[in-house]
Amino acid sequence: MLLALVVTGCSDSDTGESAAANSLPSQACATPEANGGAAGDIGNPPIDFRGIWILNTDRGANLGMMNAVKETIVASQTVDRATFEMTDVFAGMTTNRTVVYDLSGATVPNEAAMGAGSETTTRWEGNKLVTIWVAEGAIANTKNERTETRCLVDGGNTLNITMTRAGNPDVEEAIWFVYEKSK
């Protein structure tokens, strides 16, 4: 049995529109030429995620208890991997974790936000970074799978990450994280 969580949401055009509170953020992704202009050559990945990203829960959608989280991501990237070092503050407690995305498509172990061990496989789909997470399910002999899609919008100043449940592709019910690049 496979329980799935699927992420959707980044289109291939940049509308430049920003999201209002209580509405879905813009679904547009920046073109590779509008990726924020980070310094240094990292080869040919379509998007450069390097930088410091701050979660803006006012711009996200359907975050549930994540509305109370203060999260900062420090992203580094080479031609072969993207590394996201996350610091979360929730209910007065600070937690740190690091997630490594192998950009060559190899499967690597990572720890999910709630600590579950997972296997992750990452690939580029145009200017979107798509990662499949697979972990043991809570029910015997099941697997939980989710797919995360990351893209940049607003000229590379906004990082969108979206998720929808399998069997319920309604984008209005998607979990949508919006991060703003720290200057």
# chains A, B, ... in the order shown; residues from 1 in each chain; ligands from 1

call {"tool": "residues_around", "arguments": {"residues": "A:Ala91", "least_positions_apart": "6", "cutoff": "10 Å", "atoms": "only C-alpha atoms", "output": "list in words"}}
result
Ala68, Val69 and Lys70 of chain A

call {"tool": "atom_distance", "arguments": {"atom1": "atom CA of A:Ala61", "atom2": "atom CA of A:Val130"}}
result
19.5 Å

call {"tool": "closest_residue", "arguments": {"among": "A:Thr131, A:Thr95, A:Ser104, A:Thr122", "to": "A:Ile161", "atoms": "only C-alpha atoms"}}
result
A:Thr131
